[in-house]
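A.B. asks: The following file, structure.txt, comprises compact mmCIF, C-alpha atoms and all ligand atoms:
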# COMPACT_ATOMS: atom_id res chain seq x y z
CA MET F 1 40.31 -84.67 -46.86
CA ASN F 2 42.53 -86.05 -44.12
CA GLU F 3 44.42 -82.78 -43.81
CA ILE F 4 41.09 -81.08 -42.96
CA PHE F 5 40.33 -83.58 -40.19
CA GLU F 6 43.85 -83.05 -38.83
CA ALA F 7 43.33 -79.27 -38.93
CA ILE F 8 40.08 -79.65 -36.98
CA LYS F 9 41.86 -81.76 -34.35
CA LYS F 10 44.53 -79.09 -33.99
CA ALA F 11 41.93 -76.32 -33.71
CA SER F 12 39.96 -78.32 -31.13
CA VAL F 13 42.98 -78.68 -28.84
CA GLU F 14 43.37 -74.88 -28.98
CA ILE F 15 39.64 -74.27 -28.43
CA GLN F 16 39.61 -76.57 -25.40
CA LYS F 17 42.36 -74.39 -23.87
CA ILE F 18 40.35 -71.24 -24.64
CA ILE F 19 37.24 -72.74 -22.97
CA ASP F 20 39.31 -73.78 -19.93
CA VAL F 21 40.83 -70.39 -19.22
CA GLY F 22 39.17 -67.83 -21.52
CA ASP F 23 36.81 -65.02 -20.58
CA THR F 24 33.23 -66.41 -20.75
CA GLY F 25 31.72 -62.92 -21.00
CA LYS F 26 29.81 -61.30 -23.86
CA SER F 27 31.50 -59.19 -26.51
CA GLU F 28 29.93 -56.03 -27.92
CA ASN F 29 29.24 -57.65 -31.29
CA GLU F 30 26.28 -59.49 -32.80
CA ASN F 31 26.62 -62.21 -35.44
CA SER F 32 24.61 -62.19 -38.68
CA THR F 33 21.70 -64.02 -37.07
CA GLY F 34 21.48 -61.34 -34.36
CA ASP F 35 22.97 -63.37 -31.46
CA THR F 36 25.30 -61.48 -29.14
CA GLN F 37 28.73 -63.04 -29.61
CA LEU F 38 30.71 -64.27 -26.63
CA LYS F 39 34.42 -63.51 -26.45
CA LEU F 40 34.90 -67.31 -26.66
CA ASP F 41 32.92 -67.47 -29.96
CA ILE F 42 35.22 -64.87 -31.48
CA ALA F 43 38.42 -66.41 -30.11
CA SER F 44 37.44 -69.91 -31.35
CA ASP F 45 36.55 -68.52 -34.76
CA ILE F 46 39.97 -66.87 -35.08
CA VAL F 47 41.76 -70.13 -34.16
CA ILE F 48 39.84 -72.11 -36.80
CA GLU F 49 40.28 -69.54 -39.57
CA LYS F 50 44.03 -69.30 -38.91
CA ILE F 51 44.48 -73.07 -39.10
CA PHE F 52 42.25 -73.51 -42.18
CA ALA F 53 44.18 -70.74 -43.95
CA THR F 54 47.24 -73.05 -43.98
CA ILE F 55 45.47 -75.91 -45.82
CA PRO F 56 45.87 -75.72 -49.64
CA SER F 57 42.88 -77.99 -50.39
CA ILE F 58 40.41 -75.53 -48.82
CA LYS F 59 38.93 -73.19 -51.40
CA ALA F 60 36.77 -71.08 -49.06
CA ILE F 61 35.26 -71.05 -45.60
CA VAL F 62 32.25 -69.46 -44.00
CA SER F 63 31.73 -69.14 -40.27
CA GLU F 64 28.45 -68.86 -38.43
CA GLU F 65 30.09 -65.93 -36.67
CA GLN F 66 30.86 -64.02 -39.89
CA GLU F 67 28.75 -62.28 -42.50
CA ALA F 68 30.40 -63.52 -45.68
CA ILE F 69 32.35 -66.32 -47.33
CA VAL F 70 36.15 -66.02 -46.91
CA PRO F 71 38.06 -67.17 -50.04
CA LEU F 72 41.28 -69.07 -49.24
CA ASN F 73 42.82 -70.94 -52.21
CA GLU F 74 41.56 -70.54 -55.78
CA ASP F 75 42.64 -74.11 -56.65
CA GLY F 76 41.29 -75.67 -53.47
CA GLU F 77 38.73 -78.46 -53.71
CA TYR F 78 36.71 -78.06 -50.51
CA LEU F 79 34.39 -75.50 -48.97
CA ILE F 80 33.84 -75.53 -45.21
CA ALA F 81 30.94 -74.02 -43.27
CA TYR F 82 31.48 -74.10 -39.52
CA ASP F 83 30.05 -73.01 -36.22
CA PRO F 84 33.10 -72.48 -33.99
CA LEU F 85 31.29 -72.76 -30.64
CA ASP F 86 27.66 -73.82 -30.73
CA GLY F 87 25.51 -73.58 -27.61
CA SER F 88 27.33 -70.56 -26.28
CA SER F 89 24.46 -69.72 -23.89
CA LEU F 90 25.61 -72.79 -21.91
CA VAL F 91 29.23 -71.74 -21.43
CA ASP F 92 28.66 -69.70 -18.29
CA VAL F 93 26.84 -72.59 -16.57
CA ASN F 94 29.54 -75.08 -17.53
CA LEU F 95 27.39 -77.40 -19.65
CA SER F 96 28.80 -79.03 -22.78
CA VAL F 97 29.24 -77.02 -25.97
CA GLY F 98 30.59 -77.96 -29.39
CA SER F 99 31.99 -77.05 -32.79
CA ILE F 100 30.30 -78.15 -36.03
CA TYR F 101 31.88 -78.38 -39.50
CA GLY F 102 30.22 -79.13 -42.85
CA ILE F 103 32.57 -79.97 -45.73
CA TYR F 104 31.13 -79.17 -49.17
CA LYS F 105 32.26 -79.37 -52.79
CA ASN F 106 31.31 -76.89 -55.59
CA ASP F 107 28.92 -74.78 -53.53
CA PHE F 108 27.33 -74.44 -50.11
CA THR F 109 24.17 -76.50 -50.72
CA ALA F 110 22.77 -79.62 -49.06
CA GLN F 111 23.29 -81.64 -52.25
CA ASN F 112 27.01 -80.86 -52.09
CA ILE F 113 27.85 -81.72 -48.48
CA ILE F 114 30.25 -84.66 -48.53
CA ALA F 115 31.46 -84.94 -44.94
CA ALA F 116 30.77 -83.51 -41.50
CA VAL F 117 32.61 -83.25 -38.21
CA TYR F 118 31.51 -82.16 -34.78
CA VAL F 119 33.48 -81.83 -31.56
CA VAL F 120 31.88 -82.01 -28.10
CA PHE F 121 33.63 -80.07 -25.34
CA GLY F 122 32.26 -81.74 -22.23
CA PRO F 123 33.88 -83.52 -19.30
CA ARG F 124 35.79 -85.14 -22.19
CA VAL F 125 36.54 -83.81 -25.66
CA GLU F 126 35.13 -86.07 -28.38
CA MET F 127 35.25 -85.66 -32.14
CA VAL F 128 32.81 -87.38 -34.48
CA VAL F 129 33.59 -87.68 -38.19
CA ALA F 130 30.93 -88.58 -40.77
CA ALA F 131 32.57 -89.51 -44.06
CA ASP F 132 32.41 -92.32 -46.64
CA ASN F 133 29.07 -93.53 -45.33
CA CYS F 134 30.20 -94.19 -41.77
CA VAL F 135 30.46 -92.28 -38.50
CA LYS F 136 33.54 -92.59 -36.30
CA MET F 137 34.18 -91.23 -32.83
CA TYR F 138 37.56 -90.16 -31.42
CA ARG F 139 38.47 -88.94 -27.92
CA LEU F 140 41.16 -86.48 -26.86
CA PHE F 141 43.91 -87.91 -24.64
CA ASN F 142 46.97 -85.75 -23.92
CA ASN F 143 46.51 -83.48 -26.96
CA SER F 144 45.93 -86.35 -29.37
CA PHE F 145 42.66 -87.84 -30.68
CA GLU F 146 42.33 -91.62 -30.47
CA TYR F 147 39.74 -93.74 -32.27
CA ILE F 148 37.05 -95.08 -29.90
CA GLN F 149 34.20 -96.59 -31.92
CA ASP F 150 31.93 -96.45 -34.95
CA ILE F 151 28.46 -95.02 -34.28
CA THR F 152 25.28 -96.67 -35.59
CA LEU F 153 21.69 -95.80 -34.71
CA ASN F 154 19.05 -98.38 -33.82
CA GLU F 155 15.77 -98.38 -35.78
CA LYS F 156 14.02 -96.82 -32.76
CA GLY F 157 15.25 -95.04 -29.61
CA THR F 158 14.06 -93.87 -26.19
CA ILE F 159 14.97 -90.17 -25.98
CA THR F 160 13.21 -87.02 -27.14
CA ALA F 161 14.79 -83.55 -27.16
CA THR F 162 12.94 -80.57 -28.52
CA GLY F 163 13.87 -76.89 -28.75
CA SER F 164 12.23 -73.51 -28.20
CA THR F 165 9.41 -73.08 -25.66
CA GLN F 166 6.10 -74.96 -25.65
CA MET F 167 4.36 -71.59 -25.84
CA CYS F 168 5.72 -71.17 -29.39
CA TRP F 169 5.27 -74.74 -30.66
CA PRO F 170 2.60 -75.30 -33.32
CA ASP F 171 -0.23 -77.61 -32.15
CA HIS F 172 0.92 -80.54 -34.29
CA HIS F 173 4.37 -80.40 -32.67
CA ARG F 174 2.77 -80.53 -29.23
CA ILE F 175 0.74 -83.57 -30.39
CA LEU F 176 3.93 -85.28 -31.60
CA VAL F 177 5.85 -84.67 -28.36
CA ASN F 178 2.93 -85.64 -26.11
CA LYS F 179 2.49 -88.83 -28.08
CA MET F 180 6.17 -89.66 -27.57
CA PHE F 181 5.88 -89.11 -23.80
CA LYS F 182 2.79 -91.35 -23.71
CA ASP F 183 4.82 -93.97 -25.59
CA GLY F 184 7.48 -93.89 -22.85
CA TYR F 185 10.17 -91.60 -24.32
CA TYR F 186 12.46 -89.78 -21.87
CA LEU F 187 12.96 -86.02 -22.10
CA ARG F 188 16.67 -85.22 -22.50
CA TYR F 189 17.35 -81.61 -23.59
CA SER F 190 20.37 -79.62 -22.44
CA GLY F 191 19.88 -76.73 -24.90
CA GLY F 192 23.14 -77.45 -26.73
CA MET F 193 22.62 -78.93 -30.17
CA VAL F 194 25.97 -80.74 -30.21
CA PRO F 195 25.68 -82.60 -26.87
CA ASP F 196 21.95 -83.23 -27.37
CA LEU F 197 22.47 -84.84 -30.77
CA HIS F 198 25.61 -86.63 -29.56
CA GLN F 199 23.61 -88.19 -26.72
CA ILE F 200 20.95 -89.52 -29.12
CA LEU F 201 23.64 -90.96 -31.41
CA LEU F 202 25.49 -92.69 -28.58
CA LYS F 203 22.38 -93.99 -26.86
CA GLY F 204 21.20 -95.68 -30.03
CA GLY F 205 18.42 -93.36 -31.12
CA GLY F 206 15.51 -91.05 -30.40
CA LEU F 207 14.46 -87.69 -31.76
CA PHE F 208 15.95 -84.19 -31.68
CA SER F 209 13.63 -81.54 -33.04
CA TYR F 210 13.72 -77.80 -33.51
CA PRO F 211 10.39 -77.04 -35.21
CA GLY F 212 9.17 -73.94 -36.98
CA THR F 213 7.65 -71.89 -34.15
CA THR F 214 5.27 -68.96 -33.89
CA ASP F 215 8.20 -66.60 -33.29
CA LYS F 216 10.58 -68.33 -35.76
CA PRO F 217 8.47 -70.01 -38.49
CA LYS F 218 11.64 -71.09 -40.32
CA GLY F 219 13.17 -72.54 -37.16
CA LYS F 220 16.29 -71.34 -35.36
CA LEU F 221 19.04 -73.67 -36.52
CA ARG F 222 21.18 -72.69 -39.49
CA GLN F 223 21.21 -74.91 -42.54
CA LEU F 224 24.88 -74.83 -43.55
CA PHE F 225 26.52 -74.74 -40.14
CA GLU F 226 24.19 -76.93 -38.07
CA VAL F 227 21.42 -78.74 -39.92
CA PHE F 228 23.18 -80.19 -42.99
CA PRO F 229 26.27 -81.47 -41.11
CA PHE F 230 24.08 -83.28 -38.57
CA ALA F 231 21.67 -84.49 -41.28
CA LEU F 232 24.60 -86.15 -43.06
CA THR F 233 25.91 -87.59 -39.78
CA TYR F 234 22.51 -89.08 -38.88
CA GLU F 235 22.05 -90.56 -42.37
CA PHE F 236 25.54 -92.09 -42.33
CA ALA F 237 24.78 -93.54 -38.86
CA GLY F 238 21.69 -95.29 -40.28
CA GLY F 239 19.12 -92.73 -39.10
CA ALA F 240 17.35 -89.91 -40.91
CA ALA F 241 16.84 -86.14 -40.88
CA SER F 242 13.91 -84.10 -42.13
CA ASP F 243 12.51 -80.57 -42.21
CA GLY F 244 9.05 -81.98 -41.37
CA SER F 245 8.01 -82.73 -44.93
CA LYS F 246 11.12 -83.87 -46.80
CA ARG F 247 14.68 -85.05 -46.30
CA ALA F 248 16.74 -82.30 -44.64
CA LEU F 249 19.41 -82.77 -47.32
CA ASP F 250 16.82 -81.76 -49.96
CA VAL F 251 16.25 -78.35 -48.37
CA GLU F 252 17.21 -75.45 -50.64
CA THR F 253 19.58 -72.73 -49.49
CA THR F 254 19.15 -69.21 -50.80
CA HIS F 255 21.42 -67.45 -48.31
CA ILE F 256 24.37 -68.77 -46.28
CA HIS F 257 22.67 -67.88 -43.00
CA ASP F 258 19.28 -69.48 -43.83
CA THR F 259 17.59 -71.52 -41.10
CA THR F 260 15.14 -74.42 -41.35
CA PRO F 261 12.90 -76.43 -39.04
CA CYS F 262 14.74 -79.71 -38.41
CA PHE F 263 14.31 -83.21 -37.02
CA PHE F 264 17.07 -85.78 -36.54
CA GLY F 265 16.63 -89.29 -35.29
CA SER F 266 16.31 -92.98 -35.84
CA LYS F 267 14.17 -93.96 -38.80
CA ASP F 268 11.17 -94.85 -36.64
CA GLU F 269 11.01 -91.41 -34.99
CA ILE F 270 11.49 -89.53 -38.27
CA ASN F 271 8.59 -91.53 -39.75
CA LYS F 272 6.49 -90.46 -36.74
CA VAL F 273 7.38 -86.81 -37.44
CA LEU F 274 6.41 -87.14 -41.10
CA GLU F 275 3.11 -88.79 -40.18
CA VAL F 276 2.10 -86.11 -37.68
CA TYR F 277 3.42 -83.23 -39.78
CA LYS F 278 2.04 -84.27 -43.17
CA GLU F 279 -1.36 -82.68 -42.52
CA ASN F 280 0.15 -79.46 -41.20
CA VAL F 281 3.20 -78.27 -43.14
P1 LIG N 301 22.61 -71.34 -28.49
O1 LIG N 301 21.48 -70.39 -28.77
O2 LIG N 301 22.94 -71.47 -27.03
O3 LIG N 301 23.84 -71.06 -29.33
O4 LIG N 301 22.69 -73.00 -32.20
C1 LIG N 301 21.88 -72.44 -31.35
C2 LIG N 301 21.48 -73.22 -30.09
O5 LIG N 301 22.13 -72.83 -28.93
C3 LIG N 301 21.63 -74.77 -30.21
O6 LIG N 301 22.86 -75.24 -29.78
C4 LIG N 301 20.50 -75.27 -29.35
O7 LIG N 301 20.05 -76.56 -29.71
C5 LIG N 301 19.44 -74.24 -29.56
O8 LIG N 301 20.10 -73.02 -29.96
C6 LIG N 301 18.67 -73.95 -28.29
O9 LIG N 301 17.64 -73.08 -28.56
P2 LIG N 301 16.40 -72.90 -27.53
O10 LIG N 301 16.99 -72.27 -26.30
O11 LIG N 301 15.47 -72.00 -28.23
O12 LIG N 301 15.81 -74.26 -27.24
Would you mind giving the structure from this file in C-alpha cells?
C.D. replies:
Amino acid sequence: MNEIFEAIKKASVEIQKIIDVGDTGKSENENSTGDTQLKLDIASDIVIEKIFATIPSIKAIVSEEQEAIVPLNEDGEYLIAYDPLDGSSLVDVNLSVGSIYGIYKNDFTAQNIIAAVYVVFGPRVEMVVAADNCVKMYRLFNNSFEYIQDITLNEKGTITATGSTQMCWPDHHRILVNKMFKDGYYLRYSGGMVPDLHQILLKGGGLFSYPGTTDKPKGKLRQLFEVFPFALTYEFAGGAASDGSKRALDVETTHIHDTTPCFFGSKDEINKVLEVYKENV
C-alpha cells in the first residue's frame, strides 16, 4: 500500500500549489450530490486521478466529484474512494480545507475499508494515515512529508463540533449538545470536516457530529468518501464512530454516493450519543 501513500503525497504537493494560486471561483457544474463544484475541486480531482492511474495496485477509484466508479487496473488489489477537496465553501474565506481517501479491498463497503488518509491544507499541510491499527501524522516541509507523531485519543475530550443549523436539528440532538455545553465542552466548528476532525484528534478528544436533520434525514456527509475513512481513523486512534445507533463501520451502502448521520469522538462522547439517541432513532 506504500505506493498509494506516496501517490497521495505527490498529489497533495500539487493540490497545495493549486490552492495557492488557482481560481477559487465556482464552475458551471454540479457534482452527484448536487453541490456546485469549484474550479479547485475539479482541478484537484484531475491531479489525483492522473497520479492514481499510474499505480498498478489500484483496481478502481471513485471520486466524490464524479458520478461513477473509474476502473484502472483489472489485476489491481485496492479500491480508493476520495474527496479531492472537502470543505470547498471555506476556500474563498481562506479557512482550512482537506482531501480524504478511503482505501478498500473487494468492494466499496464499510466492512472492506482497510486504511484511510486525510490531508489538511491549512497554515501548514499535514497528512494523517490510518493503517495497521495506528494513526500517524506527517507534515510537509519543502515538498516532502516528514513523520511528526502518532495520534491517540483520550477516553474523554473537551470539544464539541456539530453541523447543519440548530433550526434543523432533531430535539434529541439539541438535548445532547446542550448537555455537553452544560458539562463544560467548548464549541469548535469551522465548517470543514477535515480540520474540525483533525482538531479533535490532536487535542485528545471530543465529539464531531453531523446528525440526520429535518432537511436531510440521512445526514449530509457521504459514507465512502467522508464517513468511513474518518470512522476507521477514529477507531485506530482509540476512539469510536457511530451513526447514532450502531458503529459507523456497520452502516450498509447501497449506492456510492449514500450519506449517513455520523458521530466521531472519544469513547466517552460516543457513549453519550448512543445514550441520548437510543430512544429516538
Ligand atoms: P462543504 O459543504 O463546505 O464541502 O463535505 C461537506 C462539508 O463541507 C464538510 O466539510 C463540513 O463538515 C460540512 O459540509 C458542513 O456542513 P454545514 O455547513 O451544513 O454545517
A.B. asks: Do a neighbour search on Gly98 of chain F at 9 Å with only C-alpha atoms, toss out local chain neighbours closer than 6 positions, and write the hits as a ChimeraX atom specification.
C.D. replies: /F:83-88,118-122,192-195
A.B. asks: Write out as number ranges by chain each polymer residue whose atoms come within 9 Å of Ile200 of chain F, counting all atoms listed in the file; drop sequence neighbours fewer than 3 positions from it.
C.D. replies: F: 153, 157-161, 188, 195-197, 203-208, 265-266
A.B. asks: Work out how far atom CA of Ile55 of chain F is from atom CA of Leu40 of chain F, in Å to one decimal.
C.D. replies: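 Between atom CA of Leu40 of chain F and atom CA of Ile55 of chain F the gap works out to 23.5 Å.
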A.B. asks: List the spatial neighbours of segment 271-278 of chain F as a PyMOL selection string - criterion: any atom at most 7 Å away, all atoms listed in the file, same-chain residues fewer than 5 positions off excluded.
C.D. replies: chain F and resi 172+176+244-245
A.B. asks: If you count only C-alpha atoms, which residues fall within 9 Å of Ile61 of chain F, apart from same-chain ones fewer than 5 positions away, as an MDAnalysis selection string?
C.D. replies: chainID F and resid 49 52 68:72 78:82
A.B. asks: Would you please work out which residue, of F:His198, F:Tyr147, F:Ser27, F:Ser190, is nearest to Asn94 of chain F when using only C-alpha atoms?
C.D. replies: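 The closest residue to Asn94 of chain F is F:Ser190.
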A.B. asks: Which value, in Å to one decimal, gives the distance between atom CA of Asp150 of chain F and atom CA of Val129 of chain F?
C.D. replies: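 Result for atom CA of Asp150 of chain F versus atom CA of Val129 of chain F: 9.5 Å, one decimal.
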A.B. asks: Any idea what's packed within 8 Å of Ser209 of chain F, counting all atoms listed in the file, ignoring anything in its chain fewer than 6 positions away? Could you give it as a VMD selection string?
C.D. replies: chain F and resid 161 to 163 261 to 264
A.B. asks: Which of these residues is nearest to ligand LIG 301 (chain N), using only C-alpha atoms and all ligand atoms: F:Ile15, F:Met180, F:Val227, F:Met137?
C.D. replies: F:Val227
A.B. asks: Generate N, CA, C and O atoms for segment 238-254 of chain F and emit them as a short mmCIF file (atom, residue, chain, number, x, y, z; two decimals), in the frame of the given file.
C.D. replies:
data_model
loop_
_atom_site.label_atom_id
_atom_site.label_comp_id
_atom_site.auth_asym_id
_atom_site.auth_seq_id
_atom_site.Cartn_x
_atom_site.Cartn_y
_atom_site.Cartn_z
N GLY F 238 22.84 -94.38 -40.09
CA GLY F 238 21.69 -95.29 -40.28
C GLY F 238 20.37 -94.69 -39.83
O GLY F 238 19.35 -95.37 -39.81
N GLY F 239 20.37 -93.41 -39.48
CA GLY F 239 19.12 -92.73 -39.10
C GLY F 239 18.63 -91.86 -40.23
O GLY F 239 18.90 -92.12 -41.41
N ALA F 240 17.91 -90.78 -39.88
CA ALA F 240 17.35 -89.91 -40.91
C ALA F 240 17.24 -88.49 -40.36
O ALA F 240 17.32 -88.26 -39.14
N ALA F 241 17.03 -87.55 -41.28
CA ALA F 241 16.84 -86.14 -40.88
C ALA F 241 15.86 -85.51 -41.86
O ALA F 241 15.91 -85.78 -43.06
N SER F 242 14.99 -84.66 -41.31
CA SER F 242 13.91 -84.10 -42.13
C SER F 242 13.66 -82.64 -41.73
O SER F 242 14.09 -82.19 -40.66
N ASP F 243 12.95 -81.92 -42.61
CA ASP F 243 12.51 -80.57 -42.21
C ASP F 243 11.03 -80.61 -41.82
O ASP F 243 10.39 -79.58 -41.65
N GLY F 244 10.46 -81.82 -41.73
CA GLY F 244 9.05 -81.98 -41.37
C GLY F 244 8.22 -82.46 -42.55
O GLY F 244 7.15 -83.02 -42.38
N SER F 245 8.76 -82.23 -43.78
CA SER F 245 8.01 -82.73 -44.93
C SER F 245 8.92 -83.48 -45.91
O SER F 245 8.47 -84.30 -46.68
N LYS F 246 10.19 -83.18 -45.88
CA LYS F 246 11.12 -83.87 -46.80
C LYS F 246 12.47 -84.08 -46.10
O LYS F 246 12.69 -83.58 -44.99
N ARG F 247 13.33 -84.79 -46.80
CA ARG F 247 14.68 -85.05 -46.30
C ARG F 247 15.38 -83.71 -46.06
O ARG F 247 15.30 -82.81 -46.91
N ALA F 248 16.06 -83.57 -44.93
CA ALA F 248 16.74 -82.30 -44.64
C ALA F 248 17.76 -81.98 -45.73
O ALA F 248 17.98 -80.81 -46.07
N LEU F 249 18.39 -83.01 -46.30
CA LEU F 249 19.41 -82.77 -47.32
C LEU F 249 18.79 -82.46 -48.69
O LEU F 249 19.50 -82.36 -49.68
N ASP F 250 17.46 -82.27 -48.74
CA ASP F 250 16.82 -81.76 -49.96
C ASP F 250 16.35 -80.32 -49.77
O ASP F 250 15.74 -79.74 -50.67
N VAL F 251 16.65 -79.74 -48.62
CA VAL F 251 16.25 -78.35 -48.37
C VAL F 251 17.11 -77.41 -49.22
O VAL F 251 18.32 -77.62 -49.35
N GLU F 252 16.47 -76.40 -49.80
CA GLU F 252 17.21 -75.45 -50.64
C GLU F 252 17.77 -74.29 -49.82
O GLU F 252 17.08 -73.79 -48.93
N THR F 253 18.95 -73.85 -50.18
CA THR F 253 19.58 -72.73 -49.49
C THR F 253 19.61 -71.52 -50.42
O THR F 253 20.12 -71.62 -51.53
N THR F 254 19.08 -70.40 -49.95
CA THR F 254 19.15 -69.21 -50.80
C THR F 254 20.16 -68.21 -50.24
O THR F 254 20.64 -67.33 -50.93
#
